[in-house]
>>> print(open('protein18.pdb').read())   # PDB, C-alpha atoms and all ligand atoms
ATOM      1  CA  MET B  11     -24.946   3.945   1.536  1.00  0.00           C
ATOM      2  CA  ALA B  12     -22.674   1.025   0.579  1.00  0.00           C
ATOM      3  CA  PRO B  13     -19.120   2.138  -0.327  1.00  0.00           C
ATOM      4  CA  ILE B  14     -17.951   1.863  -3.939  1.00  0.00           C
ATOM      5  CA  ILE B  15     -16.106  -1.414  -4.602  1.00  0.00           C
ATOM      6  CA  PHE B  16     -13.286  -0.890  -7.096  1.00  0.00           C
ATOM      7  CA  ILE B  17     -11.769  -4.383  -7.240  1.00  0.00           C
ATOM      8  CA  GLU B  18     -12.904  -7.850  -6.164  1.00  0.00           C
ATOM      9  CA  THR B  19     -10.489 -10.774  -5.749  1.00  0.00           C
ATOM     10  CA  GLU B  20     -11.055 -14.341  -4.620  1.00  0.00           C
ATOM     11  CA  ARG B  21     -10.994 -13.375  -0.905  1.00  0.00           C
ATOM     12  CA  LEU B  22     -11.107  -9.563  -0.796  1.00  0.00           C
ATOM     13  CA  LEU B  23     -13.014  -6.425  -1.702  1.00  0.00           C
ATOM     14  CA  LEU B  24     -10.952  -3.297  -2.415  1.00  0.00           C
ATOM     15  CA  ARG B  25     -13.264  -0.399  -1.707  1.00  0.00           C
ATOM     16  CA  GLN B  26     -13.744   3.167  -0.535  1.00  0.00           C
ATOM     17  CA  TRP B  27     -13.294   3.526   3.236  1.00  0.00           C
ATOM     18  CA  LYS B  28     -16.211   3.646   5.650  1.00  0.00           C
ATOM     19  CA  ALA B  29     -16.603   4.915   9.227  1.00  0.00           C
ATOM     20  CA  THR B  30     -16.557   1.404  10.711  1.00  0.00           C
ATOM     21  CA  ASP B  31     -12.961   0.966   9.401  1.00  0.00           C
ATOM     22  CA  PHE B  32     -11.580   3.841  11.452  1.00  0.00           C
ATOM     23  CA  SER B  33     -11.101   2.182  14.862  1.00  0.00           C
ATOM     24  CA  THR B  34      -9.143  -0.751  13.395  1.00  0.00           C
ATOM     25  CA  TYR B  35      -6.980   1.602  11.329  1.00  0.00           C
ATOM     26  CA  ILE B  36      -6.289   3.793  14.386  1.00  0.00           C
ATOM     27  CA  SER B  37      -5.167   0.671  16.334  1.00  0.00           C
ATOM     28  CA  MET B  38      -3.021  -0.582  13.428  1.00  0.00           C
ATOM     29  CA  ASN B  39      -1.207   2.746  13.238  1.00  0.00           C
ATOM     30  CA  GLN B  40      -0.470   2.583  16.974  1.00  0.00           C
ATOM     31  CA  ASP B  41       0.902  -0.977  16.719  1.00  0.00           C
ATOM     32  CA  LYS B  42       4.722  -0.830  16.993  1.00  0.00           C
ATOM     33  CA  GLU B  43       5.121  -3.978  14.889  1.00  0.00           C
ATOM     34  CA  VAL B  44       2.960  -2.693  12.016  1.00  0.00           C
ATOM     35  CA  MET B  45       4.776   0.667  12.165  1.00  0.00           C
ATOM     36  CA  GLN B  46       8.260  -0.797  12.694  1.00  0.00           C
ATOM     37  CA  TYR B  47       9.652   0.701   9.480  1.00  0.00           C
ATOM     38  CA  PHE B  48       8.057   4.129   9.866  1.00  0.00           C
ATOM     39  CA  PRO B  49       9.750   6.869  11.887  1.00  0.00           C
ATOM     40  CA  SER B  50       6.992   6.638  14.516  1.00  0.00           C
ATOM     41  CA  VAL B  51       3.520   5.282  15.218  1.00  0.00           C
ATOM     42  CA  PHE B  52       0.598   7.574  14.270  1.00  0.00           C
ATOM     43  CA  SER B  53      -1.485   9.427  16.830  1.00  0.00           C
ATOM     44  CA  GLU B  54      -5.261   9.028  16.501  1.00  0.00           C
ATOM     45  CA  GLU B  55      -5.451  12.553  15.104  1.00  0.00           C
ATOM     46  CA  LYS B  56      -2.813  11.829  12.442  1.00  0.00           C
ATOM     47  CA  THR B  57      -4.625   8.633  11.439  1.00  0.00           C
ATOM     48  CA  ARG B  58      -7.946  10.476  11.123  1.00  0.00           C
ATOM     49  CA  GLN B  59      -6.257  13.088   8.908  1.00  0.00           C
ATOM     50  CA  HIS B  60      -4.703  10.282   6.850  1.00  0.00           C
ATOM     51  CA  ILE B  61      -8.104   8.611   6.321  1.00  0.00           C
ATOM     52  CA  ASP B  62      -9.613  11.932   5.285  1.00  0.00           C
ATOM     53  CA  ILE B  63      -6.918  12.464   2.635  1.00  0.00           C
ATOM     54  CA  ILE B  64      -7.226   8.869   1.385  1.00  0.00           C
ATOM     55  CA  GLN B  65     -11.028   9.103   1.058  1.00  0.00           C
ATOM     56  CA  LYS B  66     -10.795  12.425  -0.792  1.00  0.00           C
ATOM     57  CA  ASN B  67      -8.125  11.096  -3.164  1.00  0.00           C
ATOM     58  CA  ILE B  68     -10.198   8.005  -3.995  1.00  0.00           C
ATOM     59  CA  LYS B  69     -13.269  10.171  -4.610  1.00  0.00           C
ATOM     60  CA  GLN B  70     -11.380  12.655  -6.759  1.00  0.00           C
ATOM     61  CA  ASP B  71      -9.115  10.289  -8.753  1.00  0.00           C
ATOM     62  CA  GLY B  72     -11.124   7.046  -8.793  1.00  0.00           C
ATOM     63  CA  TYR B  73      -8.176   5.267  -7.181  1.00  0.00           C
ATOM     64  CA  GLY B  74      -6.016   5.470  -4.065  1.00  0.00           C
ATOM     65  CA  LEU B  75      -5.154   3.423  -1.007  1.00  0.00           C
ATOM     66  CA  PHE B  76      -8.198   1.138  -1.122  1.00  0.00           C
ATOM     67  CA  ALA B  77      -9.655  -0.278   2.092  1.00  0.00           C
ATOM     68  CA  LEU B  78      -9.350  -4.086   2.172  1.00  0.00           C
ATOM     69  CA  GLU B  79     -12.370  -6.066   3.318  1.00  0.00           C
ATOM     70  CA  ARG B  80     -12.277  -9.827   3.791  1.00  0.00           C
ATOM     71  CA  LYS B  81     -15.214 -11.441   2.023  1.00  0.00           C
ATOM     72  CA  ASP B  82     -15.501 -14.269   4.575  1.00  0.00           C
ATOM     73  CA  THR B  83     -15.620 -12.126   7.746  1.00  0.00           C
ATOM     74  CA  HIS B  84     -16.643  -8.750   6.208  1.00  0.00           C
ATOM     75  CA  SER B  85     -13.910  -7.199   8.351  1.00  0.00           C
ATOM     76  CA  PHE B  86     -11.611  -4.329   7.417  1.00  0.00           C
ATOM     77  CA  ILE B  87      -7.983  -5.547   7.488  1.00  0.00           C
ATOM     78  CA  GLY B  88      -5.898  -2.637   6.145  1.00  0.00           C
ATOM     79  CA  PHE B  89      -5.161  -1.037   2.783  1.00  0.00           C
ATOM     80  CA  THR B  90      -3.498  -1.726  -0.549  1.00  0.00           C
ATOM     81  CA  GLY B  91      -3.458   0.671  -3.463  1.00  0.00           C
ATOM     82  CA  PHE B  92      -2.010   3.707  -5.119  1.00  0.00           C
ATOM     83  CA  ALA B  93      -0.551   7.003  -3.944  1.00  0.00           C
ATOM     84  CA  HIS B  94       1.368   9.936  -5.363  1.00  0.00           C
ATOM     85  CA  PRO B  95       4.623  10.400  -3.385  1.00  0.00           C
ATOM     86  CA  LYS B  96       4.982  13.979  -2.190  1.00  0.00           C
ATOM     87  CA  PHE B  97       8.779  14.233  -2.245  1.00  0.00           C
ATOM     88  CA  GLU B  98      11.250  15.017  -5.018  1.00  0.00           C
ATOM     89  CA  ALA B  99      13.398  12.214  -6.391  1.00  0.00           C
ATOM     90  CA  ASP B 100      14.548  11.163  -9.844  1.00  0.00           C
ATOM     91  CA  PHE B 101      11.508   8.826 -10.127  1.00  0.00           C
ATOM     92  CA  THR B 102       8.849  11.328  -8.944  1.00  0.00           C
ATOM     93  CA  PRO B 103       6.178  12.371  -9.757  1.00  0.00           C
ATOM     94  CA  CYS B 104       4.996   8.793 -10.108  1.00  0.00           C
ATOM     95  CA  ILE B 105       2.334   6.272  -9.119  1.00  0.00           C
ATOM     96  CA  GLU B 106       3.311   4.300  -6.022  1.00  0.00           C
ATOM     97  CA  ILE B 107       1.749   1.022  -4.901  1.00  0.00           C
ATOM     98  CA  GLY B 108       1.706   0.371  -1.151  1.00  0.00           C
ATOM     99  CA  TRP B 109       0.168  -1.828   1.564  1.00  0.00           C
ATOM    100  CA  ARG B 110      -0.400  -1.947   5.332  1.00  0.00           C
ATOM    101  CA  LEU B 111      -2.308  -4.732   7.104  1.00  0.00           C
ATOM    102  CA  SER B 112      -3.319  -5.400  10.704  1.00  0.00           C
ATOM    103  CA  ARG B 113      -0.763  -7.632  12.403  1.00  0.00           C
ATOM    104  CA  ASN B 114      -3.258 -10.463  12.919  1.00  0.00           C
ATOM    105  CA  GLN B 115      -3.849 -10.602   9.133  1.00  0.00           C
ATOM    106  CA  TRP B 116      -0.231 -11.149   8.087  1.00  0.00           C
ATOM    107  CA  GLY B 117       1.019 -14.456   6.687  1.00  0.00           C
ATOM    108  CA  MET B 118      -2.157 -15.333   4.784  1.00  0.00           C
ATOM    109  CA  GLY B 119      -1.253 -13.866   1.403  1.00  0.00           C
ATOM    110  CA  PHE B 120      -3.814 -11.033   1.534  1.00  0.00           C
ATOM    111  CA  ALA B 121      -1.329  -8.245   0.736  1.00  0.00           C
ATOM    112  CA  THR B 122       0.037 -10.112  -2.266  1.00  0.00           C
ATOM    113  CA  GLU B 123      -3.463 -10.990  -3.525  1.00  0.00           C
ATOM    114  CA  ALA B 124      -4.582  -7.364  -3.246  1.00  0.00           C
ATOM    115  CA  ALA B 125      -1.388  -5.967  -4.781  1.00  0.00           C
ATOM    116  CA  LYS B 126      -1.559  -8.274  -7.813  1.00  0.00           C
ATOM    117  CA  ALA B 127      -5.164  -7.180  -8.418  1.00  0.00           C
ATOM    118  CA  CYS B 128      -4.144  -3.525  -8.078  1.00  0.00           C
ATOM    119  CA  LEU B 129      -1.427  -3.890 -10.706  1.00  0.00           C
ATOM    120  CA  ALA B 130      -3.946  -5.385 -13.145  1.00  0.00           C
ATOM    121  CA  TYR B 131      -6.430  -2.591 -12.359  1.00  0.00           C
ATOM    122  CA  GLY B 132      -3.728   0.072 -12.643  1.00  0.00           C
ATOM    123  CA  PHE B 133      -2.468  -1.070 -16.024  1.00  0.00           C
ATOM    124  CA  ARG B 134      -5.707  -2.295 -17.637  1.00  0.00           C
ATOM    125  CA  THR B 135      -8.360   0.060 -16.273  1.00  0.00           C
ATOM    126  CA  LEU B 136      -6.445   3.153 -15.158  1.00  0.00           C
ATOM    127  CA  GLN B 137      -3.922   2.892 -18.031  1.00  0.00           C
ATOM    128  CA  PHE B 138      -0.885   3.718 -15.888  1.00  0.00           C
ATOM    129  CA  SER B 139       2.369   3.420 -17.839  1.00  0.00           C
ATOM    130  CA  ALA B 140       4.498   2.515 -14.801  1.00  0.00           C
ATOM    131  CA  ILE B 141       4.047   1.748 -11.096  1.00  0.00           C
ATOM    132  CA  HIS B 142       6.760   2.077  -8.449  1.00  0.00           C
ATOM    133  CA  SER B 143       7.135   0.877  -4.874  1.00  0.00           C
ATOM    134  CA  PHE B 144       9.699   1.630  -2.209  1.00  0.00           C
ATOM    135  CA  THR B 145      10.456   0.845   1.382  1.00  0.00           C
ATOM    136  CA  SER B 146      13.338   0.885   3.857  1.00  0.00           C
ATOM    137  CA  VAL B 147      15.999  -1.697   2.969  1.00  0.00           C
ATOM    138  CA  LEU B 148      15.241  -3.195   6.406  1.00  0.00           C
ATOM    139  CA  ASN B 149      11.601  -3.928   5.497  1.00  0.00           C
ATOM    140  CA  THR B 150      12.177  -7.248   3.761  1.00  0.00           C
ATOM    141  CA  ARG B 151       8.536  -8.372   4.247  1.00  0.00           C
ATOM    142  CA  SER B 152       7.374  -5.487   2.101  1.00  0.00           C
ATOM    143  CA  GLU B 153      10.182  -5.975  -0.429  1.00  0.00           C
ATOM    144  CA  GLN B 154       9.111  -9.630  -0.679  1.00  0.00           C
ATOM    145  CA  ILE B 155       5.675  -8.526  -1.911  1.00  0.00           C
ATOM    146  CA  MET B 156       7.275  -6.322  -4.567  1.00  0.00           C
ATOM    147  CA  LYS B 157       9.185  -9.361  -5.840  1.00  0.00           C
ATOM    148  CA  LYS B 158       6.186 -11.711  -5.654  1.00  0.00           C
ATOM    149  CA  ILE B 159       4.011  -9.416  -7.793  1.00  0.00           C
ATOM    150  CA  GLY B 160       6.636  -9.220 -10.538  1.00  0.00           C
ATOM    151  CA  MET B 161       8.268  -5.853  -9.841  1.00  0.00           C
ATOM    152  CA  GLN B 162      11.986  -5.421 -10.558  1.00  0.00           C
ATOM    153  CA  LYS B 163      14.495  -3.689  -8.314  1.00  0.00           C
ATOM    154  CA  THR B 164      15.533  -0.491 -10.094  1.00  0.00           C
ATOM    155  CA  GLY B 165      17.708   1.067  -7.438  1.00  0.00           C
ATOM    156  CA  GLU B 166      18.240   2.340  -3.935  1.00  0.00           C
ATOM    157  CA  PHE B 167      17.883   5.901  -2.650  1.00  0.00           C
ATOM    158  CA  ASP B 168      18.057   7.899   0.538  1.00  0.00           C
ATOM    159  CA  HIS B 169      14.532   8.993   1.483  1.00  0.00           C
ATOM    160  CA  PRO B 170      14.618  12.804   1.263  1.00  0.00           C
ATOM    161  CA  LEU B 171      12.073  13.293   4.067  1.00  0.00           C
ATOM    162  CA  LEU B 172      14.281  11.482   6.605  1.00  0.00           C
ATOM    163  CA  GLU B 173      17.219  13.218   8.197  1.00  0.00           C
ATOM    164  CA  GLN B 174      20.742  12.338   7.070  1.00  0.00           C
ATOM    165  CA  GLY B 175      21.929   9.183   8.828  1.00  0.00           C
ATOM    166  CA  HIS B 176      18.434   8.107  10.008  1.00  0.00           C
ATOM    167  CA  TYR B 177      18.386   4.318  10.392  1.00  0.00           C
ATOM    168  CA  LEU B 178      15.453   4.051   7.912  1.00  0.00           C
ATOM    169  CA  GLN B 179      16.899   6.426   5.331  1.00  0.00           C
ATOM    170  CA  LYS B 180      18.180   3.915   2.759  1.00  0.00           C
ATOM    171  CA  HIS B 181      15.287   2.630   0.619  1.00  0.00           C
ATOM    172  CA  VAL B 182      14.884   0.057  -2.150  1.00  0.00           C
ATOM    173  CA  LEU B 183      13.014   1.130  -5.277  1.00  0.00           C
ATOM    174  CA  TYR B 184      11.055  -1.381  -7.367  1.00  0.00           C
ATOM    175  CA  SER B 185       9.233  -0.677 -10.647  1.00  0.00           C
ATOM    176  CA  ILE B 186       7.035  -2.338 -13.234  1.00  0.00           C
ATOM    177  CA  HIS B 187       6.031  -1.000 -16.630  1.00  0.00           C
ATOM    178  CA  SER B 188       2.766  -1.500 -18.421  1.00  0.00           C
ATOM    179  CA  ASN B 189       4.201  -3.333 -21.447  1.00  0.00           C
ATOM    180  CA  ASN B 190       6.159  -5.752 -19.224  1.00  0.00           C
ATOM    181  CA  PHE B 191       3.119  -6.431 -17.032  1.00  0.00           C
ATOM    182  CA  LEU B 192       0.674  -6.887 -19.916  1.00  0.00           C
ATOM    183  CA  CYS B 193       2.940  -9.250 -21.848  1.00  0.00           C
ATOM    184  CA  THR B 194       3.358 -11.527 -18.806  1.00  0.00           C
ATOM    185  CA  GLN B 195      -0.463 -11.672 -18.468  1.00  0.00           C
ATOM    186  CA  ASN B 196      -1.227 -12.698 -22.064  1.00  0.00           C
TER
HETATM  187  C1  LIG N 201       4.186  -5.772   4.354  1.00  0.00           C
HETATM  188  C2  LIG N 201       2.958  -6.580   4.786  1.00  0.00           C
HETATM  189  C3  LIG N 201       1.698  -6.033   4.131  1.00  0.00           C
HETATM  190  C4  LIG N 201       3.213  -8.044   4.341  1.00  0.00           C
HETATM  191  O1  LIG N 201       2.149  -8.855   4.824  1.00  0.00           O
HETATM  192  P1  LIG N 201       2.237 -10.447   4.663  1.00  0.00           P
HETATM  193  O2  LIG N 201       0.992 -10.996   5.188  1.00  0.00           O
HETATM  194  O3  LIG N 201       3.539 -10.885   5.201  1.00  0.00           O
HETATM  195  O4  LIG N 201       2.343 -10.582   3.093  1.00  0.00           O
HETATM  196  P2  LIG N 201       1.705 -11.636   2.083  1.00  0.00           P
HETATM  197  O5  LIG N 201       0.346 -11.218   1.690  1.00  0.00           O
HETATM  198  O6  LIG N 201       2.650 -11.722   0.928  1.00  0.00           O
HETATM  199  O7  LIG N 201       1.690 -12.983   2.844  1.00  0.00           O
HETATM  200  C5  LIG N 201       2.912 -13.625   3.118  1.00  0.00           C
HETATM  201  C6  LIG N 201       2.775 -15.052   3.491  1.00  0.00           C
HETATM  202  O8  LIG N 201       1.444 -15.538   3.606  1.00  0.00           O
HETATM  203  C7  LIG N 201       1.508 -16.975   3.449  1.00  0.00           C
HETATM  204  N1  LIG N 201       0.267 -17.431   2.828  1.00  0.00           N
HETATM  205  C8  LIG N 201      -0.670 -18.123   3.491  1.00  0.00           C
HETATM  206  N2  LIG N 201      -1.718 -18.345   2.683  1.00  0.00           N
HETATM  207  C9  LIG N 201      -1.444 -17.782   1.492  1.00  0.00           C
HETATM  208  C10 LIG N 201      -2.157 -17.698   0.266  1.00  0.00           C
HETATM  209  N3  LIG N 201      -3.384 -18.193   0.108  1.00  0.00           N
HETATM  210  N4  LIG N 201      -1.568 -17.058  -0.765  1.00  0.00           N
HETATM  211  C11 LIG N 201      -0.332 -16.540  -0.634  1.00  0.00           C
HETATM  212  N5  LIG N 201       0.398 -16.577   0.513  1.00  0.00           N
HETATM  213  C12 LIG N 201      -0.162 -17.209   1.563  1.00  0.00           C
HETATM  214  C13 LIG N 201       2.744 -17.292   2.669  1.00  0.00           C
HETATM  215  O9  LIG N 201       3.533 -18.130   3.455  1.00  0.00           O
HETATM  216  C14 LIG N 201       3.408 -15.953   2.470  1.00  0.00           C
HETATM  217  O10 LIG N 201       4.769 -16.026   2.806  1.00  0.00           O
HETATM  218  P3  LIG N 201       5.950 -16.037   1.704  1.00  0.00           P
HETATM  219  O11 LIG N 201       6.324 -14.593   1.496  1.00  0.00           O
HETATM  220  O12 LIG N 201       7.008 -16.774   2.396  1.00  0.00           O
HETATM  221  O13 LIG N 201       5.435 -16.670   0.454  1.00  0.00           O
HETATM  222  C15 LIG N 201       2.801  -6.564   6.312  1.00  0.00           C
HETATM  223  O14 LIG N 201       3.955  -7.088   6.890  1.00  0.00           O
HETATM  224  C16 LIG N 201       2.547  -5.154   6.852  1.00  0.00           C
HETATM  225  O15 LIG N 201       1.410  -4.666   6.847  1.00  0.00           O
HETATM  226  N6  LIG N 201       3.616  -4.536   7.334  1.00  0.00           N
HETATM  227  C17 LIG N 201       3.518  -3.209   7.958  1.00  0.00           C
HETATM  228  C18 LIG N 201       3.297  -2.084   6.975  1.00  0.00           C
HETATM  229  C19 LIG N 201       4.437  -1.922   6.013  1.00  0.00           C
HETATM  230  O16 LIG N 201       5.598  -2.058   6.381  1.00  0.00           O
HETATM  231  N7  LIG N 201       4.069  -1.580   4.766  1.00  0.00           N
HETATM  232  C20 LIG N 201       5.024  -1.276   3.748  1.00  0.00           C
HETATM  233  C21 LIG N 201       5.605   0.045   3.982  1.00  0.00           C
HETATM  234  S1  LIG N 201       6.434   0.648   2.550  1.00  0.00           S
END
>>> encode(input="protein18.pdb", output="structure tokens")
Amino acid sequence: MAPIIFIETERLLLRQWKATDFSTYISMNQDKEVMQYFPSVFSEEKTRQHIDIIQKNIKQDGYGLFALERKDTHSFIGFTGFAHPKFEADFTPCIEIGWRLSRNQWGMGFATEAAKACLAYGFRTLQFSAIHSFTSVLNTRSEQIMKKIGMQKTGEFDHPLLEQGHYLQKHVLYSIHSNNFLCTQN
């Protein structure tokens, strides 16, 4: 059965995950460059558990970390979409937007294209009131996407799931609110 497509952009489909995506996602999560700003790469088992959670969340909520498929090659290239952060902070519970692409797909604007479409879907269709994003202060590539899609820096925080003094602990927090997004679109 064909997977549900939630969003279509000029070059991408944002859809439920399918079994043929798994091997690429396992490789991505073992790539040290892709995982540079995570505490470690993911084992195959951890990636399979991650996919299982993502698929269940999409099925249950109607949104989540959507699989990205290129329309020209029909290949799976990573994910962009929504998650619910599991840690306590002054901005949680909240809706987070995030992205992770295969290394050979960087530098072509796919993450930005997918993230812009997700914001529109989140505010117009899912009626979110606010969307947040965060990453290590070192991950300027990811922060660049936050800026390019119109999010504003709202602060910095120490990630509570990383030990005190961990080199990735300090994070930037970006946010965008529904009324701000919708008035820039009209
Ligand atoms: C973060 C990540 C998704 C960014 O990917 P990316 O390909 O660099 O991001 P973009 O989609 O914005 O593409 C960037 C470049 O593509 C180029 N580009 C080429 N064609 C383009 C097009 N048609 N439209 C837009 N940009 C285009 C631009 O030069 C752009 O660079 P710029 O930022 O100088 O404008 C990627 O580095 C990644 O997967 N990192 C690992 C996972 C990660 O850290 N995730 C975040 C954790 S919180």
>>> residues_near_point(input="protein18.pdb", point="(5.9, -2.0, 13.0)", cutoff="12 Å", atoms="all atoms listed in the file", output="PyMOL selection string")
chain B and resi 37-52+110-113+148-149+151-152
>>> resolve_selection(input="protein18.pdb", expression="the PyMOL selection byres (((chain B and resi 155-161) around 6) and not hetatm)", output="list in words")
Thr122, Lys126, Ser152, Glu153, Gln154, Gln162, Tyr184, Ser185 and Ile186 of chain B
>>> residues_near_point(input="protein18.pdb", point="(-4.3, 7.8, -17.4)", cutoff="12 Å", atoms="all atoms listed in the file", output="CSV table (one decimal) with C-alpha atoms, keeping the file's coordinate frame")
chain,number,residue,atom,x,y,z
B,71,ASP,CA,-9.1,10.3,-8.8
B,72,GLY,CA,-11.1,7.0,-8.8
B,73,TYR,CA,-8.2,5.3,-7.2
B,104,CYS,CA,5.0,8.8,-10.1
B,105,ILE,CA,2.3,6.3,-9.1
B,131,TYR,CA,-6.4,-2.6,-12.4
B,132,GLY,CA,-3.7,0.1,-12.6
B,133,PHE,CA,-2.5,-1.1,-16.0
B,134,ARG,CA,-5.7,-2.3,-17.6
B,135,THR,CA,-8.4,0.1,-16.3
B,136,LEU,CA,-6.4,3.2,-15.2
B,137,GLN,CA,-3.9,2.9,-18.0
B,138,PHE,CA,-0.9,3.7,-15.9
B,139,SER,CA,2.4,3.4,-17.8
B,140,ALA,CA,4.5,2.5,-14.8
B,188,SER,CA,2.8,-1.5,-18.4
>>> resolve_selection(input="protein18.pdb", expression="the PyMOL selection byres (((chain B and resi 84-95) around 8) and not hetatm)", output="number ranges by chain")
B: 24, 31, 34-35, 73-83, 96-97, 102-112, 115, 121, 124-125, 128
>>> closest_residue(input="protein18.pdb", among="B:Gln70, B:Thr145, B:Gln26, B:Gln65", to="ligand LIG 201 (chain N)", atoms="only C-alpha atoms and all ligand atoms")
B:Thr145
>>> closest_residue(input="protein18.pdb", among="B:His187, B:His142, B:Lys56, B:His176", to="ligand LIG 201 (chain N)", atoms="all atoms listed in the file")
B:His142
>>> atom_distance(input="protein18.pdb", atom1="atom CA of B:Phe101", atom2="atom CA of B:His181")
13.0 Å
>>> atom_distance(input="protein18.pdb", atom1="atom CA of B:Thr19", atom2="atom CA of B:Lys69")
21.2 Å
>>> resolve_selection(input="protein18.pdb", expression="the PyMOL selection byres (((chain B and resi 182) around 9) and not hetatm)", output="number ranges by chain")
B: 143-147, 153, 163-168, 180-181, 183-184
>>> closest_residue(input="protein18.pdb", among="B:Glu123, B:Pro170, B:Asn190, B:Gln179", to="B:Ile141", atoms="only C-alpha atoms")
B:Asn190
>>> atom_distance(input="protein18.pdb", atom1="atom CA of B:Ser53", atom2="atom C18 of ligand LIG 201 (chain N)")
15.9 Å
>>> closest_residue(input="protein18.pdb", among="B:Gly119, B:Pro13, B:Glu98, B:Phe32", to="ligand LIG 201 (chain N)", atoms="all atoms listed in the file")
B:Gly119
>>> build_atoms(input="protein18.pdb", residues="stretch 55-61 of chain B", atoms="all heavy atoms", output="mmCIF file, in the coordinates of the input")
data_model
loop_
_atom_site.group_PDB
_atom_site.id
_atom_site.type_symbol
_atom_site.label_atom_id
_atom_site.label_comp_id
_atom_site.auth_asym_id
_atom_site.auth_seq_id
_atom_site.Cartn_x
_atom_site.Cartn_y
_atom_site.Cartn_z
ATOM 1 N N GLU B 55 -5.155 11.380 15.940
ATOM 2 C CA GLU B 55 -5.451 12.553 15.104
ATOM 3 C C GLU B 55 -4.780 12.429 13.726
ATOM 4 O O GLU B 55 -5.392 12.694 12.697
ATOM 5 C CB GLU B 55 -4.962 13.814 15.827
ATOM 6 C CG GLU B 55 -5.479 15.076 15.195
ATOM 7 C CD GLU B 55 -4.773 16.315 15.731
ATOM 8 O OE1 GLU B 55 -4.081 16.222 16.755
ATOM 9 O OE2 GLU B 55 -4.920 17.354 15.084
ATOM 10 N N LYS B 56 -3.527 11.980 13.721
ATOM 11 C CA LYS B 56 -2.813 11.829 12.442
ATOM 12 C C LYS B 56 -3.491 10.768 11.576
ATOM 13 O O LYS B 56 -3.612 10.922 10.365
ATOM 14 C CB LYS B 56 -1.339 11.470 12.701
ATOM 15 C CG LYS B 56 -0.535 11.435 11.418
ATOM 16 C CD LYS B 56 0.955 11.387 11.667
ATOM 17 C CE LYS B 56 1.676 11.209 10.333
ATOM 18 N NZ LYS B 56 3.118 11.108 10.451
ATOM 19 N N THR B 57 -3.941 9.675 12.211
ATOM 20 C CA THR B 57 -4.625 8.633 11.439
ATOM 21 C C THR B 57 -5.927 9.165 10.854
ATOM 22 O O THR B 57 -6.253 8.896 9.686
ATOM 23 C CB THR B 57 -4.912 7.395 12.322
ATOM 24 O OG1 THR B 57 -3.670 6.836 12.721
ATOM 25 C CG2 THR B 57 -5.703 6.339 11.568
ATOM 26 N N ARG B 58 -6.673 9.929 11.640
ATOM 27 C CA ARG B 58 -7.946 10.476 11.123
ATOM 28 C C ARG B 58 -7.683 11.412 9.940
ATOM 29 O O ARG B 58 -8.415 11.397 8.950
ATOM 30 C CB ARG B 58 -8.720 11.191 12.234
ATOM 31 C CG ARG B 58 -9.328 10.208 13.226
ATOM 32 C CD ARG B 58 -10.324 10.871 14.153
ATOM 33 N NE ARG B 58 -10.803 9.928 15.138
ATOM 34 C CZ ARG B 58 -11.791 9.042 14.926
ATOM 35 N NH1 ARG B 58 -12.419 9.018 13.771
ATOM 36 N NH2 ARG B 58 -12.153 8.206 15.871
ATOM 37 N N GLN B 59 -6.604 12.205 10.033
ATOM 38 C CA GLN B 59 -6.257 13.088 8.908
ATOM 39 C C GLN B 59 -5.874 12.252 7.682
ATOM 40 O O GLN B 59 -6.230 12.571 6.553
ATOM 41 C CB GLN B 59 -5.077 14.001 9.275
ATOM 42 C CG GLN B 59 -5.452 15.102 10.237
ATOM 43 C CD GLN B 59 -4.221 15.778 10.865
ATOM 44 O OE1 GLN B 59 -3.080 15.390 10.617
ATOM 45 N NE2 GLN B 59 -4.471 16.773 11.699
ATOM 46 N N HIS B 60 -5.136 11.161 7.947
ATOM 47 C CA HIS B 60 -4.703 10.282 6.850
ATOM 48 C C HIS B 60 -5.926 9.688 6.139
ATOM 49 O O HIS B 60 -6.004 9.678 4.912
ATOM 50 C CB HIS B 60 -3.790 9.182 7.408
ATOM 51 C CG HIS B 60 -3.071 8.407 6.359
ATOM 52 N ND1 HIS B 60 -2.876 7.053 6.416
ATOM 53 C CD2 HIS B 60 -2.494 8.798 5.199
ATOM 54 C CE1 HIS B 60 -2.222 6.651 5.339
ATOM 55 N NE2 HIS B 60 -1.967 7.686 4.597
ATOM 56 N N ILE B 61 -6.897 9.205 6.924
ATOM 57 C CA ILE B 61 -8.104 8.611 6.321
ATOM 58 C C ILE B 61 -8.847 9.661 5.482
ATOM 59 O O ILE B 61 -9.310 9.364 4.380
ATOM 60 C CB ILE B 61 -9.069 8.064 7.404
ATOM 61 C CG1 ILE B 61 -8.426 6.926 8.187
ATOM 62 C CG2 ILE B 61 -10.374 7.580 6.753
ATOM 63 C CD1 ILE B 61 -9.221 6.510 9.427
#
